[in-house]
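> See start22.cif below, with mmCIF, C-alpha atoms.
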```
data_coords
#
loop_
_atom_site.label_atom_id
_atom_site.label_comp_id
_atom_site.auth_asym_id
_atom_site.auth_seq_id
_atom_site.Cartn_x
_atom_site.Cartn_y
_atom_site.Cartn_z
CA MET K 608 -17.90 31.12 31.50
CA PRO K 609 -14.10 31.41 31.25
CA GLN K 610 -14.50 30.65 27.52
CA PHE K 611 -16.66 33.71 27.17
CA THR K 612 -14.29 36.05 29.02
CA GLU K 613 -11.36 34.87 26.95
CA LYS K 614 -13.29 35.49 23.76
CA LYS K 615 -14.20 38.93 25.04
CA ARG K 616 -10.60 39.72 25.93
CA LYS K 617 -9.46 38.71 22.46
CA GLY K 618 -12.20 40.81 20.92
CA VAL K 619 -11.07 43.85 22.87
CA LEU K 620 -7.45 43.21 21.84
CA GLY K 621 -8.40 42.84 18.18
CA GLY K 622 -10.64 45.90 18.28
CA ALA K 623 -7.92 48.01 19.88
CA ALA K 624 -5.43 46.80 17.26
CA LEU K 625 -7.83 47.78 14.49
CA LEU K 626 -8.41 51.24 16.00
CA PHE K 627 -4.70 51.89 16.34
CA ILE K 628 -4.02 50.68 12.80
CA ILE K 629 -6.60 53.14 11.44
CA ALA K 630 -5.17 55.96 13.60
CA GLY K 631 -1.64 55.00 12.55
CA LEU K 632 -2.55 55.02 8.87
CA TYR K 633 -4.18 58.43 9.28
CA TRP K 634 -1.15 59.91 11.05
CA GLY K 635 1.36 58.21 8.77
CA LEU K 636 -0.32 58.89 5.43
CA ILE K 637 -2.13 62.20 6.00
CA LYS K 638 -1.17 64.07 9.15
CA ALA K 639 2.62 63.68 9.21
CA PRO K 640 4.50 65.88 6.72
CA PRO K 641 6.47 64.15 3.94
CA ASP K 642 10.21 63.75 4.40
CA ALA K 643 12.32 66.71 3.21
CA TYR K 644 14.54 64.53 0.99
CA GLN K 645 12.71 61.28 0.34
CA GLY K 646 9.20 62.68 -0.07
CA ASP K 647 6.30 60.29 0.38
CA SER K 648 8.29 57.07 0.07
CA GLN K 649 9.63 57.69 3.56
CA ARG K 650 6.14 57.03 4.94
CA ILE K 651 6.75 53.30 4.63
CA MET K 652 8.99 53.72 7.70
CA TYR K 653 5.85 53.85 9.84
CA LEU K 654 5.23 50.20 8.96
CA HIS K 655 8.80 49.08 8.38
CA ILE K 656 10.21 49.81 11.84
CA PRO K 657 7.21 48.47 13.82
CA SER K 658 7.20 45.25 11.80
CA ILE K 659 10.89 44.49 12.37
CA LEU K 660 10.61 45.35 16.07
CA THR K 661 7.67 42.97 16.48
CA ALA K 662 9.63 40.33 14.55
CA TYR K 663 12.52 40.71 17.00
CA LEU K 664 10.09 40.49 19.91
CA SER K 665 8.73 37.29 18.49
CA PHE K 666 12.15 35.65 18.09
CA PHE K 667 12.85 36.58 21.68
CA LEU K 668 9.59 34.86 22.66
CA VAL K 669 10.69 31.76 20.72
CA PHE K 670 13.84 31.73 22.84
CA VAL K 671 11.90 32.21 26.09
CA GLY K 672 9.36 29.52 25.15
CA SER K 673 12.16 27.10 24.15
CA CYS K 674 14.09 27.58 27.40
CA LEU K 675 10.95 27.18 29.50
CA TYR K 676 9.94 24.06 27.59
CA LEU K 677 13.28 22.33 28.06
CA TRP K 678 13.24 23.26 31.71
CA LYS K 679 9.66 22.38 32.68
CA ARG K 680 8.38 20.28 29.76
CA GLU K 681 5.02 22.06 29.69
CA LYS K 682 3.18 21.90 26.39
CA ARG K 683 2.06 25.50 26.91
CA ASP K 684 5.61 26.83 26.53
CA ASP K 685 6.15 24.82 23.38
CA ARG K 686 2.95 26.22 21.91
CA LEU K 687 4.22 29.71 22.70
CA ALA K 688 7.53 29.08 20.89
CA HIS K 689 5.76 27.58 17.88
CA ALA K 690 3.19 30.37 17.62
CA ALA K 691 5.81 33.10 18.05
CA ALA K 692 8.03 31.54 15.36
CA GLU K 693 5.19 31.44 12.85
CA ILE K 694 4.16 35.03 13.41
CA GLY K 695 7.82 36.09 13.53
CA VAL K 696 8.40 34.61 10.07
CA LEU K 697 5.34 36.51 8.83
CA PHE K 698 6.55 39.85 10.22
CA THR K 699 10.14 39.34 9.04
CA ALA K 700 8.90 38.60 5.53
CA LEU K 701 6.70 41.72 5.71
CA THR K 702 9.71 43.79 6.78
CA ILE K 703 11.76 42.59 3.81
CA VAL K 704 8.94 43.26 1.35
CA GLU K 705 8.36 46.76 2.75
CA GLY K 706 12.07 47.47 2.70
CA SER K 707 12.27 46.37 -0.93
CA ILE K 708 9.39 48.65 -1.93
CA TRP K 709 11.15 51.55 -0.19
CA GLY K 710 14.60 50.63 -1.44
CA ARG K 711 13.65 50.68 -5.10
CA PRO K 712 12.87 54.47 -5.31
CA THR K 713 15.40 55.49 -2.63
CA TRP K 714 18.47 53.34 -3.30
CA GLY K 715 17.56 52.43 -6.87
CA VAL K 716 17.58 48.67 -6.18
CA TRP K 717 15.11 46.15 -4.77
CA TRP K 718 17.76 44.34 -2.81
CA THR K 719 21.34 44.93 -1.79
CA TRP K 720 23.72 42.84 0.30
CA ASP K 721 23.86 45.33 3.12
CA ALA K 722 24.47 44.16 6.69
CA ARG K 723 21.03 44.77 8.11
CA LEU K 724 19.24 43.41 5.07
CA THR K 725 21.40 40.29 5.12
CA LEU K 726 20.85 39.81 8.84
CA THR K 727 17.08 40.02 8.39
CA ALA K 728 17.16 37.56 5.51
CA VAL K 729 19.30 35.11 7.51
CA LEU K 730 16.90 35.40 10.45
CA LEU K 731 14.04 34.57 8.11
CA LEU K 732 15.91 31.50 6.81
CA ILE K 733 16.77 30.31 10.33
CA PHE K 734 13.18 30.43 11.47
CA ILE K 735 11.81 28.93 8.26
CA GLY K 736 14.22 26.06 9.02
CA TYR K 737 12.79 25.97 12.54
CA LEU K 738 9.24 25.60 11.21
CA MET K 739 10.32 22.92 8.71
CA LEU K 740 11.99 20.95 11.50
CA ARG K 741 8.76 21.07 13.46
CA ALA K 742 6.78 19.91 10.47
CA LEU K 743 9.11 17.01 9.67
CA VAL K 744 9.42 15.39 13.10
CA GLU K 745 6.40 13.20 13.74
CA ASP K 746 6.80 12.32 17.39
CA GLU K 747 5.36 15.31 19.22
CA SER K 748 7.48 15.61 22.31
CA ARG K 749 10.54 14.88 20.15
CA ALA K 750 9.54 17.69 17.75
CA ALA K 751 9.07 20.08 20.64
CA ALA K 752 12.45 19.27 22.22
CA SER K 753 14.30 19.42 18.88
CA ALA K 754 12.68 22.71 17.98
CA ALA K 755 13.47 24.11 21.43
CA VAL K 756 17.15 23.29 21.00
CA LEU K 757 17.16 24.90 17.57
CA GLY K 758 15.32 27.95 18.95
CA ILE K 759 17.96 28.42 21.63
CA ILE K 760 20.91 27.90 19.28
CA GLY K 761 19.38 30.21 16.69
CA PHE K 762 18.92 32.94 19.25
CA LEU K 763 22.49 32.57 20.58
CA ASP K 764 23.83 32.73 17.03
CA ILE K 765 22.12 36.04 16.24
CA PRO K 766 24.77 38.30 17.89
CA LEU K 767 27.54 36.47 15.99
CA ILE K 768 25.71 36.73 12.67
CA HIS K 769 25.02 40.38 13.45
CA MET K 770 28.70 41.09 14.11
CA SER K 771 29.92 39.22 11.06
CA VAL K 772 27.57 40.79 8.52
CA TYR K 773 28.29 44.26 9.94
CA TRP K 774 32.02 43.81 9.46
CA TRP K 775 31.27 42.46 6.05
CA ARG K 776 29.40 45.53 4.78
CA THR K 777 27.19 48.39 5.80
CA LEU K 778 25.06 50.55 3.55
CA HIS K 779 21.82 50.83 5.49
CA GLN K 780 21.59 54.19 7.21
CA PRO K 781 22.50 54.08 10.89
CA PRO K 782 19.55 54.36 13.28
CA SER K 783 18.36 57.96 13.05
CA ILE K 784 15.93 58.03 15.97
CA LEU K 785 17.39 55.82 18.70
CA ARG K 786 20.87 57.31 18.84
CA PRO K 787 23.22 57.31 21.81
CA ASP K 788 24.11 61.02 21.61
CA LYS K 789 20.66 62.62 21.61
CA ALA K 790 17.22 62.00 23.06
CA PRO K 791 14.82 60.40 20.53
CA TRP K 792 12.48 63.42 20.31
CA GLU K 793 15.33 65.74 19.26
CA ASN K 794 16.13 63.67 16.17
CA ILE K 795 12.76 63.64 14.48
CA HIS K 796 9.83 65.96 13.87
CA PRO K 797 7.17 65.41 16.57
CA ASP K 798 4.48 64.60 13.98
CA LEU K 799 6.67 61.90 12.47
CA LEU K 800 7.48 60.48 15.88
CA THR K 801 3.80 60.42 16.87
CA ALA K 802 2.92 58.56 13.69
CA LEU K 803 5.69 56.07 14.38
CA VAL K 804 4.66 55.53 18.01
CA ILE K 805 0.98 55.03 17.11
CA ASN K 806 1.94 52.50 14.45
CA PHE K 807 4.25 50.74 16.85
CA VAL K 808 1.45 50.37 19.40
CA ALA K 809 -0.82 49.17 16.61
CA PHE K 810 1.66 46.49 15.57
CA ILE K 811 2.22 45.32 19.14
CA LEU K 812 -1.55 45.03 19.68
CA LEU K 813 -1.96 43.23 16.37
CA TYR K 814 0.93 40.96 17.26
CA PHE K 815 -0.54 39.90 20.58
CA TYR K 816 -3.95 39.48 18.98
CA LEU K 817 -2.50 37.11 16.37
CA LEU K 818 -0.44 35.36 19.04
CA SER K 819 -3.49 34.74 21.22
CA LEU K 820 -5.39 33.32 18.23
CA ARG K 821 -2.45 31.09 17.29
CA LEU K 822 -2.03 29.90 20.88
CA ARG K 823 -5.71 29.00 21.05
CA LEU K 824 -5.36 27.09 17.79
CA GLY K 825 -2.45 25.09 19.19
CA GLU K 826 -4.42 24.35 22.33
CA LEU K 827 -7.43 23.11 20.37
CA ARG K 828 -5.22 20.92 18.19
CA ASP K 829 -3.69 19.33 21.27
CA GLN K 830 -7.15 18.78 22.73
CA ILE K 831 -8.32 17.03 19.59
CA LYS K 832 -5.27 14.80 19.59
CA SER K 833 -5.68 13.78 23.22
CA SER K 834 -9.41 13.13 22.84
CA ARG K 835 -8.69 10.91 19.85
CA LEU K 836 -6.29 8.92 21.98
CA ASN K 837 -8.96 8.50 24.66
CA MET E 570 38.63 14.02 33.28
CA LYS E 571 36.01 11.31 33.12
CA LEU E 572 34.41 13.34 30.33
CA PHE E 573 37.55 13.12 28.21
CA ARG E 574 38.05 9.42 28.91
CA HIS E 575 34.50 8.64 27.80
CA THR E 576 34.92 10.90 24.79
CA TRP E 577 38.04 8.99 23.78
CA LEU E 578 36.30 5.62 24.19
CA LEU E 579 33.42 6.68 21.96
CA LEU E 580 35.71 8.33 19.43
CA ARG E 581 37.84 5.19 19.25
CA LYS E 582 34.74 3.13 18.51
CA ASP E 583 33.80 5.40 15.61
CA LEU E 584 37.34 5.55 14.27
CA LEU E 585 37.64 1.77 14.39
CA LEU E 586 34.34 1.39 12.58
CA GLU E 587 35.49 3.83 9.92
CA TRP E 588 38.89 2.15 9.65
CA ARG E 589 37.19 -1.15 8.80
CA ARG E 590 34.54 0.24 6.45
CA HIS E 591 36.10 3.39 4.88
CA GLU E 592 32.54 4.41 4.02
CA SER E 593 32.33 8.02 5.13
CA PHE E 594 35.88 9.02 4.30
CA MET E 595 35.81 7.56 0.80
CA THR E 596 32.51 9.17 -0.20
CA MET E 597 33.54 12.50 1.31
CA PHE E 598 36.94 12.48 -0.35
CA PHE E 599 35.67 11.59 -3.82
CA PHE E 600 32.86 14.11 -3.54
CA GLY E 601 35.38 16.81 -2.56
CA ALA E 602 37.62 15.96 -5.50
CA LEU E 603 34.63 15.80 -7.81
CA LEU E 604 33.59 19.30 -6.74
CA LEU E 605 36.97 20.65 -7.87
CA PHE E 606 36.19 19.41 -11.38
CA VAL E 607 32.68 20.81 -11.24
CA PHE E 608 34.07 24.20 -10.17
CA ASN E 609 36.52 24.16 -13.04
CA PHE E 610 33.80 23.51 -15.60
CA SER E 611 31.37 26.06 -14.17
CA PHE E 612 33.83 28.94 -13.59
CA GLU E 613 36.45 28.55 -16.36
CA LEU E 614 39.14 29.37 -13.84
CA SER E 615 41.99 31.47 -15.22
CA PRO E 616 45.13 31.82 -13.04
CA VAL E 617 44.18 35.38 -11.98
CA ARG E 618 40.60 34.52 -11.09
CA VAL E 619 41.48 31.35 -9.29
CA ASN E 620 43.44 33.28 -6.68
CA GLU E 621 40.41 35.47 -6.03
CA LEU E 622 37.93 32.62 -5.95
CA ALA E 623 40.06 29.99 -4.18
CA PRO E 624 38.92 30.79 -0.60
CA GLY E 625 35.23 30.65 -1.47
CA LEU E 626 35.53 27.58 -3.67
CA LEU E 627 37.63 25.60 -1.22
CA TRP E 628 35.36 26.43 1.67
CA LEU E 629 32.28 25.53 -0.38
CA ALA E 630 33.81 22.17 -1.24
CA PHE E 631 34.49 21.50 2.46
CA LEU E 632 31.02 22.66 3.51
CA PHE E 633 29.41 20.19 1.10
CA THR E 634 31.70 17.27 1.95
CA GLY E 635 31.27 18.05 5.65
CA THR E 636 27.50 17.96 5.26
CA LEU E 637 27.80 14.50 3.72
CA GLY E 638 29.71 13.38 6.79
CA LEU E 639 27.20 14.94 9.16
CA THR E 640 24.22 13.18 7.61
CA GLN E 641 25.99 9.85 8.21
CA LEU E 642 27.18 10.78 11.69
CA PHE E 643 24.51 9.03 13.74
CA GLU E 644 23.56 6.49 11.08
CA ALA E 645 25.08 3.44 12.81
CA GLU E 646 23.38 4.37 16.07
CA ARG E 647 20.09 5.14 14.38
CA ILE E 648 19.65 1.98 12.33
CA ASN E 649 20.28 -0.52 15.11
CA HIS E 650 18.88 1.56 17.95
CA CYS E 651 22.36 1.62 19.45
CA LEU E 652 21.73 5.18 20.55
CA ASP E 653 19.40 3.90 23.29
CA ALA E 654 22.17 1.65 24.57
CA LEU E 655 24.62 4.53 24.57
CA LEU E 656 22.15 6.73 26.41
CA MET E 657 21.56 4.03 29.03
CA SER E 658 25.23 3.71 29.81
CA PRO E 659 26.37 5.79 32.80
CA MET E 660 28.18 8.53 30.97
CA ASP E 661 27.86 12.23 30.41
CA ARG E 662 26.05 13.01 27.17
CA GLY E 663 28.53 15.82 26.65
CA ALA E 664 31.05 13.05 25.95
CA LEU E 665 28.83 11.71 23.17
CA PHE E 666 28.66 15.19 21.67
CA LEU E 667 32.44 15.70 21.87
CA ALA E 668 33.17 12.27 20.41
CA LYS E 669 30.80 12.68 17.47
CA GLY E 670 32.06 16.22 16.85
CA CYS E 671 35.70 15.10 16.95
CA PHE E 672 34.96 12.21 14.64
CA ASN E 673 33.53 14.47 11.96
CA ILE E 674 36.44 16.89 12.45
CA VAL E 675 38.90 14.02 11.90
CA LEU E 676 37.08 12.98 8.71
CA MET E 677 36.94 16.51 7.34
CA VAL E 678 40.57 17.26 8.21
CA LEU E 679 41.68 14.12 6.39
CA VAL E 680 39.69 15.15 3.33
CA GLU E 681 41.06 18.69 3.52
CA LEU E 682 44.64 17.46 3.81
CA VAL E 683 44.25 15.71 0.45
CA VAL E 684 41.90 18.08 -1.37
CA MET E 685 43.82 21.29 -0.63
CA PRO E 686 47.10 20.22 -2.28
CA LEU E 687 45.01 18.76 -5.11
CA PHE E 688 43.44 22.18 -5.62
CA TRP E 689 46.90 23.77 -5.78
CA ILE E 690 48.04 21.20 -8.33
CA LEU E 691 44.91 21.25 -10.51
CA PHE E 692 44.74 25.04 -10.71
CA ASN E 693 48.49 25.68 -10.89
CA LEU E 694 48.71 27.89 -7.83
CA ALA E 695 52.23 28.96 -6.88
CA SER E 696 51.61 29.88 -3.25
CA TRP E 697 52.51 26.51 -1.70
CA HIS E 698 54.18 28.20 1.27
CA LEU E 699 50.82 29.64 2.41
CA LEU E 700 49.20 26.22 2.71
CA PRO E 701 49.96 25.63 6.43
CA THR E 702 48.50 29.00 7.47
CA LEU E 703 45.47 28.49 5.25
CA PHE E 704 45.03 25.04 6.65
CA PHE E 705 45.03 26.44 10.18
CA ILE E 706 42.16 28.81 9.26
CA ILE E 707 40.26 26.00 7.54
CA PHE E 708 40.75 23.86 10.62
CA LEU E 709 39.18 26.51 12.87
CA GLY E 710 36.28 26.81 10.42
CA THR E 711 35.93 23.04 10.35
CA VAL E 712 35.71 22.91 14.14
CA GLY E 713 32.91 25.51 14.12
CA PHE E 714 31.10 23.67 11.34
CA CYS E 715 31.34 20.25 13.00
CA VAL E 716 30.37 21.50 16.45
CA LEU E 717 27.16 23.14 15.31
CA GLY E 718 26.64 20.39 12.73
CA THR E 719 26.85 17.66 15.37
CA ILE E 720 24.21 19.34 17.52
CA LEU E 721 21.90 19.80 14.55
CA SER E 722 22.59 16.32 13.21
CA ALA E 723 21.31 14.98 16.51
CA VAL E 724 18.42 17.44 16.54
CA THR E 725 17.22 16.29 13.12
CA LEU E 726 17.82 12.62 13.93
CA LYS E 727 14.15 11.67 14.14
CA ALA E 728 12.93 13.89 11.31
CA ARG E 729 11.63 12.71 7.98
CA ALA E 730 13.88 13.64 5.03
CA ARG E 731 16.57 14.52 7.55
CA GLU E 732 19.40 14.51 4.99
CA LEU E 733 17.59 17.37 3.25
CA LEU E 734 16.59 19.12 6.43
CA LEU E 735 20.07 19.24 7.99
CA PRO E 736 21.73 21.68 5.54
CA LEU E 737 18.56 23.74 5.56
CA VAL E 738 18.79 24.46 9.28
CA LEU E 739 22.59 24.36 9.44
CA PHE E 740 23.70 26.73 6.68
CA PRO E 741 21.91 29.91 7.86
CA LEU E 742 23.45 29.41 11.30
CA MET E 743 26.88 28.96 9.71
CA VAL E 744 26.97 32.50 8.28
CA PRO E 745 29.57 33.81 10.79
CA VAL E 746 31.88 30.83 10.17
CA ILE E 747 31.58 31.07 6.38
CA LEU E 748 32.27 34.81 6.36
CA ALA E 749 35.12 34.67 8.86
CA THR E 750 36.90 31.73 7.21
CA VAL E 751 36.66 33.15 3.72
CA ARG E 752 37.78 36.67 4.79
CA CYS E 753 40.80 35.27 6.67
CA MET E 754 41.79 33.10 3.71
CA GLU E 755 41.40 36.01 1.30
CA ALA E 756 43.69 38.16 3.43
CA ILE E 757 46.32 35.42 3.60
CA LEU E 758 46.17 34.66 -0.11
CA SER E 759 46.42 38.29 -1.18
CA GLN E 760 48.84 39.70 1.41
CA GLY E 761 50.54 36.65 2.85
CA VAL E 762 49.56 37.71 6.37
CA LEU E 763 46.33 38.02 8.31
CA GLY E 764 46.65 41.83 8.77
CA ASP E 765 43.25 43.52 8.86
CA ALA E 766 41.46 40.19 9.06
CA LEU E 767 42.52 39.59 12.67
CA PRO E 768 39.05 40.44 14.09
CA TRP E 769 37.64 37.72 11.81
CA LEU E 770 40.02 35.19 13.36
CA ARG E 771 38.84 36.24 16.82
CA LEU E 772 35.23 35.87 15.73
CA LEU E 773 35.97 32.38 14.40
CA ILE E 774 37.66 31.27 17.63
CA GLY E 775 34.84 32.87 19.64
CA PHE E 776 32.25 30.94 17.62
CA ASP E 777 34.09 27.66 18.21
CA VAL E 778 34.41 28.22 21.95
CA ILE E 779 30.80 29.35 22.41
CA PHE E 780 29.24 26.43 20.58
CA ILE E 781 31.54 23.78 22.07
CA THR E 782 30.36 24.99 25.48
CA VAL E 783 26.72 25.22 24.43
CA GLY E 784 26.95 21.75 22.88
CA ILE E 785 28.30 20.11 26.04
CA LEU E 786 25.62 21.79 28.13
CA ILE E 787 22.66 21.29 25.81
CA PHE E 788 23.33 17.78 24.46
CA ASP E 789 21.46 16.22 27.37
CA TRP E 790 18.24 17.60 25.91
CA VAL E 791 19.21 17.03 22.29
CA VAL E 792 19.37 13.23 22.50
CA ASP E 793 16.80 12.84 25.24
CA VAL E 794 13.65 10.66 24.89
#
```
How does the structure come out when it is put into C-alpha cells?

Amino acid sequence: MPQFTEKKRKGVLGGAALLFIIAGLYWGLIKAPPDAYQGDSQRIMYLHIPSILTAYLSFFLVFVGSCLYLWKREKRDDRLAHAAAEIGVLFTALTIVEGSIWGRPTWGVWWTWDARLTLTAVLLLIFIGYLMLRALVEDESRAAASAAVLGIIGFLDIPLIHMSVYWWRTLHQPPSILRPDKAPWENIHPDLLTALVINFVAFILLYFYLLSLRLRLGELRDQIKSSRLN
Amino acid sequence: MKLFRHTWLLLRKDLLLEWRRHESFMTMFFFGALLLFVFNFSFELSPVRVNELAPGLLWLAFLFTGTLGLTQLFEAERINHCLDALLMSPMDRGALFLAKGCFNIVLMVLVELVVMPLFWILFNLASWHLLPTLFFIIFLGTVGFCVLGTILSAVTLKARARELLLPLVLFPLMVPVILATVRCMEAILSQGVLGDALPWLRLLIGFDVIFITVGILIFDWVVDV
C-alpha cells in the first residue's frame, strides 16, 4: 500500500512539472513580449535563470546531506547527497549550454572568462570530481564518508572561489531583477516576470521529481546489495 | 599543547624517514627543475615575456611538484597498514592532519628554495632583490595548497587510480589560491610592491586560516573506518 501512494505522489509531482513546463514555454515563447534590445534571444533567460537556481539548490542539498551523513551515518542522507550532486551536475551543464547559446548572438562569443561563467564552470568541475570520487572508491561506507567530506569542503570553498573570480574579472551583467535598491516587480515587465516565475516553479517541480526518482533508484540499489549479502 | 606535541612527534617521524630515503624530495626537485626546461621549450621565453609569465609558470611548477608530494603523502602508512596503528594510538587526529600538512609544506618549501633561484638564473631575470617577498607569497600559497591537499589526499586514500583522482578533485578547489598567488606575484614583479593586490593577500591568508581550521575539525571523519 505505501508503495502505491508513493508512486501516486511521484506521478502527481511529475504531472505538475509537465503542466508548468508547458505553461512556462507558452508564457516565455509566445505571451511575453520580446526584449527591447536583445529581441527573441533574451527568451532563453526563462530557462537559464531557473536552471542555475535549481543547480545552486542542489549543491546546497549535497552539503546538507553530507553534514547529516557524517553526523548520523544514515544511508538515506548519503543517498540524498549523491542524488543531488548528479542532478546538480546536469543542471549546471544545462546552464552553461544555455548561456553559450545566448552569449553567441548577444556577446558575439560562445564563451568568455567572465566571473560568473568561470564560477559556474568551476562548480561543475568540483562536482564532477565529487561523482568520480564516489565511483572510484569501492568500499561503500568509505565512499560515502569521503564524498561527504568533499561535499562539505566544496561547499565551504564556493564563497572564496566566488570572491576571487569576481575580483579577477566581471563582464556578465549585474543581476537586473533581484537588486537591492528596488523591488523585483519594478525592474521588469510583469509579463516577463510571470514567465520567469512560472518557469522557475516548473524547474523546481521537475527537480524534485527527478530527485525522488533518483532517491528511489539509490534505495533499490542498496536493497539489492543487502539481499545479495543475505 | 598536546596537539602540537603529537604533531611534532609525527612530523619528526616523516622527516626522519625522508632524511634516510630522499625519495619524495628528490623526485619533486628534479620534476620541478625539469618543468623549467619544458616551459622554456614550449614558450620560447624572451626576457620581456618571461617577466610577464614568471608568476604563472613558477606557480604551475610548484602546483605540479606539490601534487607529486601529495600522492606520496600517505604511501608509507597505506602500504603497511600503519595508518590503523596510528589511528589506534590515543592522539587527536587533528595532529595527524597538521603533521602530514607540515611535512608536505617542508618538502615544497625546500624545492621552492632551490627552483626559484634556478628560474632567475636560467631566464636571466635581474630582479633578485624581489625574491624574498615573492617567496613569502609563494609560501602562503603553498600552505593553502598543502592544507587542502592533505585533506583530499586522505579522502582519496582508498580510491582506485587515486594518483589521477587527487589533482582532479584538488585543482578546481584551488582556484582562489592560484588566482591570489599569481596576482600578488604579478603586482610585486611589475611594481616592486603589493599595492592594489593587497585584497588578494588577505584572501590568501583567509583561505589558509579557514582550511587549517576545517582540516583540524574534519580530519576525524576523513581517516575514520
> Applied to this file, what does the PyMOL selection byres ((chain K) within 8 of (chain E)) return in terms of residues, put as a PyMOL selection string?
chain K and resi 677+729-730+732-733+736-737+739-740+743-745+749+752-754+756-757+761+764+767-768+771-772+775
> Taking the file as I've supplied it (selection: the PyMOL selection byres ((chain K and resi 723) around 12)), which residues are included? Please answer as a ChimeraX atom specification.
/K:659,702-703,706,718-722,724-730,765,768-782
> I need the residue nearest Leu822 in chain K from this list: K:Arg741, K:Lys638, K:Lys682, K:Arg835. Use all atoms listed in the file for the distance.
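For Leu822 in chain K, the nearest of the candidates is K:Lys682.
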> Rounded to one decimal place, report the CA of Leu818 in chain K-CA of Ile628 in chain K distance in Å.
16.9 Å
> To box range 621-630 of chain K, take all atoms listed in the file, fit an axis-aligned box, add 3 Å on each side, and give centre and edge lengths in Å to one decimal, as lines of an AutoDock Vina configuration file.

```
center_x = -7.3
center_y = 49.4
center_z = 15.7
size_x = 12.6
size_y = 19.1
size_z = 14.4
```
> Would you kindly return, as a PyMOL selection string, each protein, DNA or RNA residue with an atom no farther than 12 Å from any atom of Thr634 in chain E, considering only C-alpha atoms and excluding same-chain residues fewer than 3 positions away?
chain E and resi 593-605+627-631+637-641+673-674+676-681+684+711+714-715+736
> So, counting only C-alpha atoms, which residue among K:Ile811, K:Ile708, K:Ala639, K:Leu763 is closest to Leu664 in chain K?
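Once distances to Leu664 in chain K are computed over only C-alpha atoms, the minimum belongs to K:Ile811.
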> Could you tell me how far CA of Asn609 in chain E lies from CA of Leu687 in chain E, in Å and to one decimal?
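Going from CA of Asn609 in chain E over to CA of Leu687 in chain E, I get 12.8 Å.
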> Quick one: pull the distance between CA of Leu731 in chain K and CA of Ser665 in chain K, Å, one decimal.
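That distance, rounded to one decimal, is 12.0 Å.
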> Compile the contact shell of Gln645 in chain K as number ranges by chain: residues with an atom at most 12 Å away, counting all atoms listed in the file, same-chain residues fewer than 5 positions apart removed.
K: 640, 650-652, 709-714
> Selection in question (the file shown): the PyMOL selection byres ((chain E and resi 665) around 12). Which residues does it include, as an MDAnalysis selection string?
chainID E and resid 572:583 642:643 646 652 655:656 658:664 666:672 716 719:720 723 784:789 791:792
> Counting all atoms listed in the file, figure out which residue out of K:Ala809, K:Leu687, K:Ala755, K:Leu836 gets nearest to Leu654 in chain K.
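Answer, going by the shortest atom-to-atom distance: K:Ala809.
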> Using only C-alpha atoms for the distances, tell me which of E:Gly710, E:Ser696, E:Met754, E:Glu732 is nearest to Asp777 in chain E.
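So, comparing all the options, the nearest one is E:Gly710.
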> Would you mind putting back N, CA and C atoms on range 590-603 of chain E, then writing it out as a short mmCIF file (atom, residue, chain, number, x, y, z; two decimals), in the coordinates of the input?

```cif
data_model
loop_
_atom_site.label_atom_id
_atom_site.label_comp_id
_atom_site.auth_asym_id
_atom_site.auth_seq_id
_atom_site.Cartn_x
_atom_site.Cartn_y
_atom_site.Cartn_z
N ARG E 590 35.50 0.12 7.55
CA ARG E 590 34.54 0.24 6.45
C ARG E 590 34.94 1.26 5.39
N HIS E 591 35.69 2.28 5.76
CA HIS E 591 36.10 3.39 4.88
C HIS E 591 34.90 4.08 4.23
N GLU E 592 33.70 3.89 4.75
CA GLU E 592 32.54 4.41 4.02
C GLU E 592 32.52 5.92 3.94
N SER E 593 32.48 6.57 5.11
CA SER E 593 32.33 8.02 5.13
C SER E 593 33.50 8.72 4.47
N PHE E 594 34.71 8.31 4.82
CA PHE E 594 35.88 9.02 4.30
C PHE E 594 35.92 8.94 2.78
N MET E 595 35.70 7.73 2.24
CA MET E 595 35.81 7.56 0.80
C MET E 595 34.78 8.42 0.06
N THR E 596 33.52 8.37 0.50
CA THR E 596 32.51 9.17 -0.20
C THR E 596 32.83 10.66 -0.07
N MET E 597 33.25 11.08 1.13
CA MET E 597 33.54 12.50 1.31
C MET E 597 34.72 12.93 0.45
N PHE E 598 35.76 12.11 0.41
CA PHE E 598 36.94 12.48 -0.35
C PHE E 598 36.63 12.58 -1.84
N PHE E 599 35.94 11.56 -2.37
CA PHE E 599 35.67 11.59 -3.82
C PHE E 599 34.71 12.72 -4.17
N PHE E 600 33.78 12.99 -3.27
CA PHE E 600 32.86 14.11 -3.54
C PHE E 600 33.64 15.43 -3.56
N GLY E 601 34.56 15.59 -2.61
CA GLY E 601 35.38 16.81 -2.56
C GLY E 601 36.19 16.98 -3.83
N ALA E 602 36.81 15.90 -4.28
CA ALA E 602 37.62 15.96 -5.50
C ALA E 602 36.74 16.23 -6.71
N LEU E 603 35.58 15.60 -6.71
CA LEU E 603 34.63 15.80 -7.81
C LEU E 603 34.21 17.27 -7.91
#
```
